[in-house]
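Here's data_6.cif, which has mmCIF, C-alpha atoms:
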```cif
data_work
#
loop_
_atom_site.label_atom_id
_atom_site.label_comp_id
_atom_site.auth_asym_id
_atom_site.auth_seq_id
_atom_site.Cartn_x
_atom_site.Cartn_y
_atom_site.Cartn_z
CA MET U 16 -8.81 27.03 -95.23
CA THR U 17 -5.76 24.97 -96.19
CA ASN U 18 -6.33 22.20 -98.69
CA PRO U 19 -5.29 18.98 -96.85
CA ARG U 20 -3.79 17.55 -100.04
CA PHE U 21 -1.37 20.47 -100.40
CA SER U 22 -0.75 20.44 -96.65
CA THR U 23 0.46 16.84 -96.98
CA LEU U 24 2.65 17.70 -99.96
CA ARG U 25 4.34 20.47 -97.94
CA ARG U 26 5.15 17.97 -95.18
CA ILE U 27 7.00 15.64 -97.56
CA PRO U 28 10.75 16.36 -97.17
CA ARG U 29 12.60 18.17 -99.96
CA ALA U 30 14.92 15.21 -100.54
CA VAL U 31 11.94 13.01 -101.47
CA TRP U 32 10.96 15.57 -104.12
CA VAL U 33 14.53 15.58 -105.46
CA LEU U 34 14.54 11.77 -105.63
CA GLY U 35 11.27 11.97 -107.54
CA PHE U 36 12.75 14.37 -110.10
CA VAL U 37 15.84 12.17 -110.42
CA SER U 38 13.56 9.21 -111.17
CA MET U 39 11.62 11.36 -113.64
CA LEU U 40 14.73 12.26 -115.62
CA MET U 41 15.98 8.68 -115.75
CA ASP U 42 12.55 7.45 -116.79
CA ILE U 43 12.51 9.97 -119.65
CA SER U 44 15.85 8.54 -120.73
CA SER U 45 14.77 4.91 -120.41
CA GLU U 46 11.32 5.30 -121.96
CA ILE U 47 12.64 7.07 -125.05
CA VAL U 48 14.43 3.77 -125.69
CA HIS U 49 11.92 1.28 -124.31
CA SER U 50 8.89 2.72 -126.12
CA LEU U 51 10.68 2.11 -129.45
CA LEU U 52 12.68 -1.00 -128.62
CA PRO U 53 10.06 -3.70 -129.43
CA MET U 54 9.52 -2.13 -132.87
CA PHE U 55 13.27 -1.74 -133.39
CA LEU U 56 13.83 -5.39 -132.54
CA VAL U 57 10.97 -6.78 -134.65
CA SER U 58 11.04 -4.47 -137.68
CA GLY U 59 14.65 -3.24 -137.56
CA LEU U 60 16.58 -6.34 -136.49
CA GLY U 61 14.12 -9.06 -137.51
CA ALA U 62 13.67 -10.54 -134.02
CA SER U 63 10.64 -12.70 -133.15
CA VAL U 64 8.07 -11.84 -130.47
CA ALA U 65 9.39 -14.75 -128.40
CA THR U 66 12.85 -13.18 -128.58
CA VAL U 67 11.41 -9.86 -127.40
CA GLY U 68 9.80 -11.67 -124.47
CA LEU U 69 13.06 -13.42 -123.62
CA ILE U 70 15.07 -10.17 -123.76
CA GLU U 71 12.53 -8.36 -121.59
CA GLY U 72 12.32 -11.22 -119.13
CA ILE U 73 16.09 -11.55 -118.70
CA ALA U 74 16.55 -7.79 -118.46
CA GLU U 75 13.74 -7.24 -115.99
CA ALA U 76 14.89 -10.15 -113.83
CA ALA U 77 18.44 -8.77 -113.65
CA ALA U 78 17.45 -5.63 -111.74
CA PRO U 79 15.74 -7.38 -108.80
CA ILE U 80 18.56 -9.89 -108.40
CA VAL U 81 21.04 -7.04 -108.04
CA LYS U 82 18.68 -5.20 -105.68
CA VAL U 83 19.21 -7.86 -103.02
CA PHE U 84 22.91 -7.11 -102.90
CA SER U 85 22.66 -3.34 -103.34
CA GLY U 86 19.97 -3.08 -100.68
CA SER U 87 21.93 -5.21 -98.25
CA LEU U 88 25.14 -3.33 -99.04
CA SER U 89 23.40 -0.02 -98.30
CA ASP U 90 22.36 -1.40 -94.89
CA TYR U 91 25.89 -2.64 -94.25
CA LEU U 92 27.61 0.59 -95.28
CA GLY U 93 24.98 2.83 -93.73
CA ASN U 94 24.92 4.74 -97.03
CA ARG U 95 22.19 4.69 -99.67
CA LYS U 96 23.00 7.72 -101.82
CA TRP U 97 26.24 6.74 -103.52
CA LEU U 98 25.00 3.28 -104.45
CA ALA U 99 22.01 4.99 -106.04
CA VAL U 100 24.33 7.40 -107.89
CA ALA U 101 26.33 4.44 -109.26
CA GLY U 102 23.13 2.75 -110.45
CA TYR U 103 21.85 5.84 -112.22
CA ALA U 104 25.26 6.36 -113.83
CA LEU U 105 25.28 2.81 -115.25
CA GLY U 106 21.77 3.28 -116.58
CA ALA U 107 22.79 6.47 -118.37
CA ALA U 108 25.97 4.89 -119.75
CA SER U 109 24.03 1.99 -121.32
CA LYS U 110 22.00 4.22 -123.67
CA PRO U 111 24.57 4.68 -126.48
CA PHE U 112 24.81 0.90 -126.92
CA PHE U 113 21.19 0.74 -128.10
CA ALA U 114 22.14 3.25 -130.81
CA ILE U 115 25.00 1.13 -132.15
CA ALA U 116 23.35 -2.30 -131.76
CA ALA U 117 23.45 -4.40 -134.92
CA SER U 118 21.93 -7.55 -133.41
CA ALA U 119 19.40 -8.67 -130.82
CA GLU U 120 22.30 -9.97 -128.73
CA LEU U 121 23.81 -6.50 -128.34
CA VAL U 122 20.38 -5.07 -127.52
CA LEU U 123 20.11 -7.74 -124.81
CA ALA U 124 23.52 -6.74 -123.43
CA ALA U 125 22.57 -3.05 -123.36
CA ARG U 126 19.17 -3.78 -121.84
CA PHE U 127 20.84 -6.03 -119.27
CA ALA U 128 23.32 -3.29 -118.29
CA ASP U 129 20.50 -0.75 -118.06
CA ARG U 130 18.54 -3.02 -115.71
CA ILE U 131 21.64 -3.82 -113.65
CA GLY U 132 21.87 -0.07 -113.09
CA LYS U 133 18.24 -0.05 -112.04
CA GLY U 134 18.96 -2.91 -109.67
CA ILE U 135 21.89 -1.10 -108.07
CA ARG U 136 19.87 2.08 -107.47
CA GLY U 137 16.37 0.74 -106.75
CA ALA U 138 16.56 -0.72 -103.24
CA PRO U 139 18.89 1.98 -101.81
CA ARG U 140 16.66 4.69 -103.30
CA ASP U 141 13.46 3.16 -101.86
CA ALA U 142 15.15 2.66 -98.51
CA LEU U 143 16.32 6.28 -98.67
CA VAL U 144 12.72 7.43 -99.15
CA ALA U 145 11.68 5.27 -96.20
CA ASP U 146 14.53 6.74 -94.09
CA ILE U 147 13.63 10.33 -94.97
CA ALA U 148 9.82 10.30 -94.94
CA PRO U 149 7.91 10.45 -91.61
CA ALA U 150 6.00 7.19 -91.04
CA GLU U 151 2.60 8.91 -91.10
CA TYR U 152 3.31 10.32 -94.60
CA ARG U 153 5.16 7.34 -96.03
CA GLY U 154 2.38 6.33 -98.42
CA ALA U 155 2.14 9.89 -99.73
CA ALA U 156 5.94 10.08 -100.08
CA PHE U 157 6.17 6.85 -102.09
CA GLY U 158 3.14 7.91 -104.13
CA LEU U 159 4.73 11.30 -104.88
CA ARG U 160 8.03 9.74 -105.97
CA GLN U 161 6.14 7.26 -108.13
CA SER U 162 4.03 10.03 -109.69
CA LEU U 163 7.11 12.09 -110.59
CA ASP U 164 8.81 8.94 -111.87
CA THR U 165 5.82 8.22 -114.08
CA ILE U 166 5.75 11.75 -115.51
CA GLY U 167 9.07 10.72 -117.02
CA ALA U 168 7.51 7.46 -118.18
CA PHE U 169 5.03 9.29 -120.42
CA THR U 170 7.28 12.23 -121.33
CA GLY U 171 9.89 9.83 -122.76
CA PRO U 172 7.49 8.24 -125.26
CA LEU U 173 6.14 11.68 -126.22
CA ILE U 174 9.67 12.80 -127.04
CA ALA U 175 10.14 9.56 -128.98
CA VAL U 176 6.98 10.22 -131.02
CA GLY U 177 8.09 13.75 -131.87
CA LEU U 178 11.57 12.62 -132.87
CA MET U 179 10.20 9.72 -134.95
CA PHE U 180 8.23 12.24 -137.03
CA LEU U 181 11.09 14.74 -137.12
CA TRP U 182 13.78 12.24 -138.07
CA ALA U 183 11.73 9.84 -140.23
CA ASN U 184 11.81 6.79 -137.92
CA ASP U 185 15.57 6.99 -137.30
CA TYR U 186 15.67 4.78 -134.21
CA ARG U 187 19.40 4.97 -133.67
CA ARG U 188 19.60 8.76 -133.71
CA ILE U 189 16.77 8.94 -131.18
CA PHE U 190 18.53 6.45 -128.88
CA TRP U 191 21.51 8.84 -128.69
CA ILE U 192 19.22 11.60 -127.38
CA ALA U 193 18.24 9.36 -124.45
CA LEU U 194 21.69 9.85 -122.94
CA ILE U 195 20.99 13.52 -122.07
CA PRO U 196 18.25 13.19 -119.40
CA GLY U 197 20.07 10.18 -117.94
CA ALA U 198 23.20 12.26 -117.36
CA LEU U 199 21.10 15.05 -115.81
CA ALA U 200 19.58 12.55 -113.35
CA VAL U 201 23.04 11.53 -112.12
CA LEU U 202 24.05 15.16 -111.67
CA LEU U 203 20.87 16.09 -109.75
CA LEU U 204 21.18 13.16 -107.34
CA THR U 205 24.87 13.87 -106.73
CA LEU U 206 24.25 17.51 -105.86
CA GLY U 207 20.70 17.53 -104.51
CA VAL U 208 20.42 14.82 -101.82
CA GLU U 209 22.29 14.36 -98.55
CA GLU U 210 22.49 11.05 -96.72
CA PRO U 211 20.34 11.17 -93.54
CA ALA U 212 22.36 10.56 -90.38
CA HIS U 213 20.06 7.88 -88.99
CA ALA U 214 20.60 5.63 -92.02
CA ALA U 215 24.00 4.70 -90.58
CA SER U 216 22.60 2.95 -87.48
CA SER U 217 23.33 -0.56 -88.78
CA LYS U 218 26.70 0.23 -90.36
CA GLY U 219 29.14 -2.68 -90.31
CA VAL U 220 26.52 -5.35 -89.51
CA ASN U 221 26.06 -8.07 -92.13
CA PRO U 222 22.37 -7.75 -93.06
CA ILE U 223 22.07 -11.11 -94.84
CA ARG U 224 23.41 -13.29 -92.02
CA ARG U 225 20.91 -15.72 -90.50
CA GLU U 226 20.40 -13.71 -87.32
CA SER U 227 19.51 -10.62 -89.34
CA LEU U 228 17.16 -12.36 -91.75
CA ARG U 229 15.23 -13.87 -88.83
CA LYS U 230 14.16 -10.32 -88.00
CA LEU U 231 12.10 -10.25 -91.21
CA SER U 232 8.59 -11.19 -90.10
CA ALA U 233 5.99 -13.52 -91.59
CA SER U 234 4.03 -10.41 -92.58
CA TYR U 235 7.00 -9.21 -94.63
CA TRP U 236 7.41 -12.53 -96.44
CA TRP U 237 3.70 -12.57 -97.22
CA VAL U 238 4.09 -9.13 -98.84
CA VAL U 239 6.95 -10.63 -100.89
CA ALA U 240 4.64 -13.45 -102.03
CA ILE U 241 1.94 -10.96 -102.98
CA GLY U 242 4.47 -8.93 -104.98
CA ALA U 243 5.50 -12.05 -106.92
CA ALA U 244 1.86 -12.91 -107.67
CA PHE U 245 1.29 -9.38 -108.99
CA THR U 246 4.32 -9.65 -111.27
CA LEU U 247 3.22 -13.01 -112.68
CA ALA U 248 -0.10 -11.38 -113.54
CA ARG U 249 1.54 -8.31 -115.10
CA PHE U 250 4.15 -9.29 -117.70
CA SER U 251 6.42 -6.81 -119.51
CA GLU U 252 4.81 -3.68 -120.94
CA ALA U 253 6.60 -4.42 -124.23
CA PHE U 254 3.57 -6.59 -125.05
CA LEU U 255 1.32 -3.52 -124.89
CA VAL U 256 3.46 -1.92 -127.60
CA LEU U 257 3.34 -5.09 -129.70
CA ARG U 258 -0.46 -5.24 -129.36
CA ALA U 259 -0.72 -1.67 -130.65
CA MET U 260 1.49 -2.61 -133.62
CA GLN U 261 -1.01 -5.34 -134.56
CA GLY U 262 -3.70 -2.69 -134.99
CA GLY U 263 -1.82 -1.17 -137.92
CA MET U 264 -0.75 2.07 -136.25
CA LYS U 265 2.02 4.12 -137.82
CA PRO U 266 5.35 3.29 -136.08
CA ALA U 267 5.78 6.92 -135.01
CA LEU U 268 2.45 6.79 -133.12
CA VAL U 269 2.90 3.47 -131.33
CA PRO U 270 4.77 5.01 -128.35
CA LEU U 271 1.56 6.90 -127.54
CA VAL U 272 0.39 3.62 -126.00
CA MET U 273 2.97 4.06 -123.26
CA VAL U 274 2.07 7.74 -122.97
CA ALA U 275 -1.57 6.87 -122.29
CA MET U 276 -0.69 4.22 -119.73
CA ASN U 277 1.76 6.42 -117.88
CA VAL U 278 -0.48 9.50 -117.83
CA VAL U 279 -3.09 7.45 -115.98
CA TYR U 280 -0.35 5.95 -113.77
CA THR U 281 0.96 9.43 -112.93
CA LEU U 282 -2.44 10.88 -112.10
CA SER U 283 -3.41 7.95 -109.88
CA ALA U 284 -0.15 7.09 -108.04
CA TYR U 285 -0.10 9.97 -105.54
CA PRO U 286 -3.84 9.96 -104.67
CA PHE U 287 -3.84 6.20 -104.12
CA GLY U 288 -0.52 6.37 -102.25
CA LYS U 289 -2.07 8.94 -99.91
CA LEU U 290 -5.20 6.80 -99.61
CA ALA U 291 -3.01 3.85 -98.58
CA ASP U 292 -2.11 5.76 -95.39
CA SER U 293 -5.73 5.43 -94.21
CA MET U 294 -7.42 2.62 -96.20
CA ASN U 295 -7.29 -1.16 -95.88
CA HIS U 296 -4.36 -2.38 -97.97
CA MET U 297 -5.95 -5.70 -98.91
CA ARG U 298 -8.99 -3.97 -100.37
CA LEU U 299 -6.87 -1.64 -102.49
CA LEU U 300 -4.76 -4.52 -103.81
CA VAL U 301 -7.80 -6.57 -104.82
CA ILE U 302 -9.45 -3.58 -106.51
CA GLY U 303 -6.19 -2.95 -108.37
CA LEU U 304 -6.15 -6.53 -109.61
CA GLY U 305 -9.74 -6.11 -110.74
CA PHE U 306 -8.65 -3.27 -113.02
CA LEU U 307 -5.81 -5.45 -114.37
CA VAL U 308 -8.30 -8.21 -115.22
CA CYS U 309 -10.41 -5.66 -117.09
CA ALA U 310 -7.32 -4.40 -118.94
CA ASP U 311 -6.32 -7.90 -120.02
CA MET U 312 -9.83 -8.76 -121.20
CA VAL U 313 -10.10 -5.58 -123.29
CA LEU U 314 -6.67 -6.14 -124.86
CA ALA U 315 -7.48 -9.78 -125.56
CA GLN U 316 -10.64 -8.83 -127.44
CA SER U 317 -9.23 -6.33 -129.93
CA SER U 318 -6.10 -4.64 -131.26
CA ALA U 319 -8.07 -1.66 -132.61
CA TRP U 320 -6.84 1.71 -131.38
CA PRO U 321 -9.85 2.53 -129.11
CA ALA U 322 -9.64 -0.88 -127.39
CA VAL U 323 -5.87 -0.65 -126.95
CA LEU U 324 -6.21 2.86 -125.49
CA LEU U 325 -8.85 1.69 -123.01
CA GLY U 326 -6.84 -1.42 -122.10
CA VAL U 327 -3.58 0.40 -121.44
CA SER U 328 -5.41 3.10 -119.45
CA LEU U 329 -6.90 0.45 -117.16
CA TRP U 330 -3.41 -1.10 -116.92
CA GLY U 331 -2.03 2.28 -115.82
CA LEU U 332 -4.76 2.68 -113.20
CA HIS U 333 -3.85 -0.74 -111.80
CA MET U 334 -0.20 0.34 -111.58
CA GLY U 335 -1.08 3.58 -109.81
CA MET U 336 -3.19 1.76 -107.24
CA THR U 337 -0.75 -1.01 -106.40
CA GLN U 338 2.94 -0.24 -107.02
CA GLY U 339 3.43 2.45 -104.39
CA LEU U 340 1.23 0.49 -102.00
CA LEU U 341 3.44 -2.60 -102.22
CA ALA U 342 6.50 -0.42 -101.43
CA VAL U 343 4.69 1.02 -98.40
CA MET U 344 3.86 -2.49 -97.18
CA VAL U 345 7.51 -3.53 -97.46
CA ALA U 346 8.55 -0.42 -95.51
CA HIS U 347 5.95 -1.05 -92.80
CA THR U 348 6.86 -4.70 -92.26
CA ALA U 349 10.68 -4.38 -92.40
CA PRO U 350 12.91 -3.47 -89.42
CA ALA U 351 14.52 -0.03 -89.66
CA ASP U 352 18.04 -1.46 -89.99
CA LEU U 353 17.07 -3.93 -92.73
CA LYS U 354 14.97 -1.79 -95.06
CA GLY U 355 17.49 -1.96 -97.90
CA THR U 356 17.73 -5.74 -97.58
CA ALA U 357 13.94 -6.04 -97.37
CA PHE U 358 13.41 -4.07 -100.56
CA GLY U 359 16.16 -6.12 -102.19
CA PHE U 360 14.57 -9.50 -101.44
CA PHE U 361 11.13 -8.20 -102.41
CA ASN U 362 12.46 -7.11 -105.80
CA LEU U 363 14.48 -10.30 -106.28
CA VAL U 364 11.40 -12.49 -106.01
CA SER U 365 9.38 -10.12 -108.18
CA GLY U 366 12.17 -10.14 -110.78
CA VAL U 367 12.22 -13.92 -111.04
CA ALA U 368 8.45 -13.77 -111.47
CA MET U 369 8.86 -11.15 -114.23
CA LEU U 370 11.31 -13.42 -116.09
CA VAL U 371 8.84 -16.31 -115.95
CA ALA U 372 5.86 -14.11 -116.87
CA SER U 373 7.55 -12.45 -119.86
CA VAL U 374 8.96 -15.68 -121.30
CA VAL U 375 5.58 -17.42 -120.94
CA ALA U 376 3.80 -14.40 -122.44
CA GLY U 377 6.11 -14.42 -125.45
CA LEU U 378 5.69 -18.15 -126.02
CA LEU U 379 1.90 -17.95 -125.70
CA TRP U 380 1.89 -15.09 -128.21
CA GLU U 381 3.99 -17.06 -130.72
CA GLN U 382 2.06 -20.32 -130.35
CA PHE U 383 -1.53 -19.21 -129.79
CA GLY U 384 -1.70 -15.49 -130.55
CA ALA U 385 -1.89 -12.27 -128.56
CA GLU U 386 -5.31 -13.15 -127.17
CA ALA U 387 -3.89 -16.12 -125.25
CA THR U 388 -1.23 -13.91 -123.63
CA PHE U 389 -3.77 -11.46 -122.24
CA TYR U 390 -6.26 -14.13 -121.19
CA ALA U 391 -3.45 -15.81 -119.23
CA GLY U 392 -2.67 -12.47 -117.57
CA ALA U 393 -6.32 -12.15 -116.50
CA LEU U 394 -6.26 -15.67 -115.05
CA PHE U 395 -3.10 -14.97 -113.02
CA SER U 396 -4.70 -11.75 -111.76
CA VAL U 397 -7.67 -13.68 -110.41
CA LEU U 398 -5.34 -16.19 -108.75
CA ALA U 399 -3.36 -13.33 -107.18
CA ALA U 400 -6.59 -11.86 -105.76
CA VAL U 401 -7.46 -15.24 -104.24
CA LEU U 402 -3.98 -15.39 -102.67
CA ILE U 403 -4.40 -11.94 -101.12
CA ILE U 404 -7.83 -12.71 -99.68
CA SER U 405 -6.70 -16.05 -98.27
CA GLY U 406 -3.73 -14.40 -96.54
CA SER U 407 -5.52 -11.33 -95.21
CA HIS U 408 -4.58 -12.14 -91.59
CA TYR U 409 -0.89 -11.71 -92.50
CA LEU U 410 -1.54 -8.39 -94.21
CA THR U 411 -3.26 -6.87 -91.20
CA SER U 412 0.11 -6.14 -89.56
CA ALA U 413 1.38 -4.58 -92.77
CA GLU U 414 -1.05 -1.68 -92.48
#
```
Here is the file; what I need is its structure written in the form of structure tokens.
Amino acid sequence: MTNPRFSTLRRIPRAVWVLGFVSMLMDISSEIVHSLLPMFLVSGLGASVATVGLIEGIAEAAAPIVKVFSGSLSDYLGNRKWLAVAGYALGAASKPFFAIAASAELVLAARFADRIGKGIRGAPRDALVADIAPAEYRGAAFGLRQSLDTIGAFTGPLIAVGLMFLWANDYRRIFWIALIPGALAVLLLTLGVEEPAHAASSKGVNPIRRESLRKLSASYWWVVAIGAAFTLARFSEAFLVLRAMQGGMKPALVPLVMVAMNVVYTLSAYPFGKLADSMNHMRLLVIGLGFLVCADMVLAQSSAWPAVLLGVSLWGLHMGMTQGLLAVMVAHTAPADLKGTAFGFFNLVSGVAMLVASVVAGLLWEQFGAEATFYAGALFSVLAAVLIISGSHYLTSAE
């Protein structure tokens, strides 16, 4: 008898698998850098935690702002692939600048360019998945792409750990290595994915004119609000690395924090993405926020290695339950000819929320300690859950 899980995987189009492997390679490249960057900034360049929060907030907000324009441009041109290629290429090209950075300002510039690349590729890539995947397997398709993406997110820190031991904490030399998987991602996308013909149905129509934006329903805008609430509750993962540093871990071992989080994220993203095709979305979102509250409370209580490991694992489970689901909800509530624009606006609002969350988290850390940062995250998680429950009638049409 055929295992239904593997039957579903076989029904997911080849191009979705390729996009997942492209994301995996770029995440390996990015996470080699990002898993070491907070330590490099604080111990190597003498930056404060508030500065780290500001850099992360600005960088993470840049990507969603660009996604509005790249998503809308992909709708207008009727082409997703080449915008995605351009975004991946910029992300790869930014990596050498981390290696030569002599100040926090240059790190900010490199991080900003890296996230601009993410912004250019993100909405067209997500819209491409939505174009390619059959509607009845959309949750599984987004979950699969997210799972493959997250394999890269824990492989990158593992490579960083190995190279830190091999090269005696030589951050800059390791940053140069990050260029290799980034370049491979660009090559694979260029050669391995073809633009689907039906993506060109809205070509030449301005997707951000008033008449077009009126086609975005109240259900869609409620999903956007939910996404922003989630982001306010979940500030930059750089603070997980900084919490591990407080526990006195060797610098070479600190990236294992991101490995633990992303292993759990990888293992949970596809099963929960598949579950989203048949389960109430509101219930899954609220359960996911419950795990985030637990993660924040554990991390607030202790910086000891066992507590940090448990906290980041719960954080990863929350990510696996919710991130693919939010993408599915955007895809379900957006018109076919405005999917790129819809993903763009969703990510814009989430990006502004990430800027606010990361800056506030950094300031709370500096003024009141790490505990205050994580307690605040737990409080925002509870408020986000209340928002979801109060707006459940809007979410019904998103399922």
field: Residue nearest Val327 (chain U) among U:Ser232, U:Ser373, U:Ser251, U:Asn277 (counting only C-alpha atoms)
entry: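 Looking only at the distances to Val327 (chain U), the closest residue turns out to be U:Asn277.
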Two-atom distance - CA of Leu300 (chain U), CA of Leu370 (chain U) (Å): 22.1 Å
query: To one decimal place, how far is CA of Pro321 (chain U) from CA of Met334 (chain U) in Å?
result: 20.1 Å
Which residues fall under the PyMOL selection byres ((chain U and resi 310) around 12) in this file, as a short mmCIF file (atom, residue, chain, number, x, y, z; two decimals) with C-alpha atoms, keeping the file's coordinate frame?
```cif
data_model
loop_
_atom_site.label_atom_id
_atom_site.label_comp_id
_atom_site.auth_asym_id
_atom_site.auth_seq_id
_atom_site.Cartn_x
_atom_site.Cartn_y
_atom_site.Cartn_z
CA ALA U 248 -0.10 -11.38 -113.54
CA ARG U 249 1.54 -8.31 -115.10
CA LEU U 255 1.32 -3.52 -124.89
CA MET U 276 -0.69 4.22 -119.73
CA GLY U 303 -6.19 -2.95 -108.37
CA LEU U 304 -6.15 -6.53 -109.61
CA GLY U 305 -9.74 -6.11 -110.74
CA PHE U 306 -8.65 -3.27 -113.02
CA LEU U 307 -5.81 -5.45 -114.37
CA VAL U 308 -8.30 -8.21 -115.22
CA CYS U 309 -10.41 -5.66 -117.09
CA ASP U 311 -6.32 -7.90 -120.02
CA MET U 312 -9.83 -8.76 -121.20
CA VAL U 313 -10.10 -5.58 -123.29
CA LEU U 314 -6.67 -6.14 -124.86
CA ALA U 315 -7.48 -9.78 -125.56
CA GLN U 316 -10.64 -8.83 -127.44
CA SER U 317 -9.23 -6.33 -129.93
CA ALA U 322 -9.64 -0.88 -127.39
CA VAL U 323 -5.87 -0.65 -126.95
CA LEU U 324 -6.21 2.86 -125.49
CA LEU U 325 -8.85 1.69 -123.01
CA GLY U 326 -6.84 -1.42 -122.10
CA VAL U 327 -3.58 0.40 -121.44
CA SER U 328 -5.41 3.10 -119.45
CA LEU U 329 -6.90 0.45 -117.16
CA TRP U 330 -3.41 -1.10 -116.92
CA GLY U 331 -2.03 2.28 -115.82
CA LEU U 332 -4.76 2.68 -113.20
CA HIS U 333 -3.85 -0.74 -111.80
CA MET U 334 -0.20 0.34 -111.58
CA PHE U 389 -3.77 -11.46 -122.24
CA TYR U 390 -6.26 -14.13 -121.19
CA GLY U 392 -2.67 -12.47 -117.57
CA ALA U 393 -6.32 -12.15 -116.50
CA LEU U 394 -6.26 -15.67 -115.05
CA SER U 396 -4.70 -11.75 -111.76
#
```
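The space between CA of Tyr103 (chain U) and CA of Trp236 (chain U) spans 28.2 Å.
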- prompt: Got a sec: who's within 9 Å of region 132-139 of chain U, counting all atoms listed in the file, leaving out chain neighbours fewer than 3 positions off, as a ChimeraX atom specification?
  reply: /U:77-90,94-107,109,127-129,142-144,354-359,362
Those residues you just picked out, can you put them in a file as an mmCIF file, in the frame of the given file with C-alpha atoms?
```
data_model
loop_
_atom_site.group_PDB
_atom_site.id
_atom_site.type_symbol
_atom_site.label_atom_id
_atom_site.label_comp_id
_atom_site.auth_asym_id
_atom_site.auth_seq_id
_atom_site.Cartn_x
_atom_site.Cartn_y
_atom_site.Cartn_z
ATOM 1 C CA ALA U 77 18.440 -8.770 -113.650
ATOM 2 C CA ALA U 78 17.450 -5.630 -111.740
ATOM 3 C CA PRO U 79 15.740 -7.380 -108.800
ATOM 4 C CA ILE U 80 18.560 -9.890 -108.400
ATOM 5 C CA VAL U 81 21.040 -7.040 -108.040
ATOM 6 C CA LYS U 82 18.680 -5.200 -105.680
ATOM 7 C CA VAL U 83 19.210 -7.860 -103.020
ATOM 8 C CA PHE U 84 22.910 -7.110 -102.900
ATOM 9 C CA SER U 85 22.660 -3.340 -103.340
ATOM 10 C CA GLY U 86 19.970 -3.080 -100.680
ATOM 11 C CA SER U 87 21.930 -5.210 -98.250
ATOM 12 C CA LEU U 88 25.140 -3.330 -99.040
ATOM 13 C CA SER U 89 23.400 -0.020 -98.300
ATOM 14 C CA ASP U 90 22.360 -1.400 -94.890
ATOM 15 C CA ASN U 94 24.920 4.740 -97.030
ATOM 16 C CA ARG U 95 22.190 4.690 -99.670
ATOM 17 C CA LYS U 96 23.000 7.720 -101.820
ATOM 18 C CA TRP U 97 26.240 6.740 -103.520
ATOM 19 C CA LEU U 98 25.000 3.280 -104.450
ATOM 20 C CA ALA U 99 22.010 4.990 -106.040
ATOM 21 C CA VAL U 100 24.330 7.400 -107.890
ATOM 22 C CA ALA U 101 26.330 4.440 -109.260
ATOM 23 C CA GLY U 102 23.130 2.750 -110.450
ATOM 24 C CA TYR U 103 21.850 5.840 -112.220
ATOM 25 C CA ALA U 104 25.260 6.360 -113.830
ATOM 26 C CA LEU U 105 25.280 2.810 -115.250
ATOM 27 C CA GLY U 106 21.770 3.280 -116.580
ATOM 28 C CA ALA U 107 22.790 6.470 -118.370
ATOM 29 C CA SER U 109 24.030 1.990 -121.320
ATOM 30 C CA PHE U 127 20.840 -6.030 -119.270
ATOM 31 C CA ALA U 128 23.320 -3.290 -118.290
ATOM 32 C CA ASP U 129 20.500 -0.750 -118.060
ATOM 33 C CA ALA U 142 15.150 2.660 -98.510
ATOM 34 C CA LEU U 143 16.320 6.280 -98.670
ATOM 35 C CA VAL U 144 12.720 7.430 -99.150
ATOM 36 C CA LYS U 354 14.970 -1.790 -95.060
ATOM 37 C CA GLY U 355 17.490 -1.960 -97.900
ATOM 38 C CA THR U 356 17.730 -5.740 -97.580
ATOM 39 C CA ALA U 357 13.940 -6.040 -97.370
ATOM 40 C CA PHE U 358 13.410 -4.070 -100.560
ATOM 41 C CA GLY U 359 16.160 -6.120 -102.190
ATOM 42 C CA ASN U 362 12.460 -7.110 -105.800
#
```
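Of the listed residues (U:Ile43, U:Val364, U:Ala175, U:Ala148), U:Ala175 comes nearest to Leu268 (chain U); the distances count all atoms listed in the file.
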statement: The residue from U:Glu151, U:Glu386, U:Glu252, U:Asp292 with the smallest atom-to-atom distance to Met273 (chain U), counting only C-alpha atoms, is U:Glu252
message: Would you pick out the contacts of Leu340 (chain U) at 12 Å or less, using all atoms listed in the file, so that residues sharing its chain but fewer than 3 positions from it are not included, and give the list as a ChimeraX atom specification?
response: /U:153-159,161,238,241-242,283-301,303,333-337,343-347,413-414
Arg29 (chain U): which residues within 10 Å, counting only C-alpha atoms, same-chain residues fewer than 3 positions away excluded, as a JSON list (two decimals) with C-alpha atoms, in the frame of the given file?
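Output contents, as saved in around26.json:
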```
[["chain", "number", "residue", "atom", "x", "y", "z"],
["U", 24, "LEU", "CA", 2.65, 17.70, -99.96],
["U", 25, "ARG", "CA", 4.34, 20.47, -97.94],
["U", 26, "ARG", "CA", 5.15, 17.97, -95.18],
["U", 32, "TRP", "CA", 10.96, 15.57, -104.12],
["U", 33, "VAL", "CA", 14.53, 15.58, -105.46],
["U", 34, "LEU", "CA", 14.54, 11.77, -105.63],
["U", 35, "GLY", "CA", 11.27, 11.97, -107.54],
["U", 147, "ILE", "CA", 13.63, 10.33, -94.97],
["U", 148, "ALA", "CA", 9.82, 10.30, -94.94],
["U", 207, "GLY", "CA", 20.70, 17.53, -104.51],
["U", 208, "VAL", "CA", 20.42, 14.82, -101.82]]
```
query: Is there a way to get, as a PyMOL selection string, all residues within 12 Å of the point (6.3, 11.7, -135.5) in file coordinates, counting all atoms listed in the file?
result: chain U and resi 172-186+189+264-271
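If all atoms listed in the file are the atoms counted, then among U:Leu121, U:Leu40, U:Ile403, U:Ile27 the closest residue to Ile195 (chain U) is U:Leu40.
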query: Within 9 Å of (18.7, -7.8, -129.3), in the coordinates the file gives, what residues turn up when you count all atoms listed in the file, written out as JSON, numbers by chain?
result: {"U": [56, 60, 62, 66, 67, 70, 113, 116, 117, 118, 119, 120, 121, 122, 123, 124, 125, 126]}
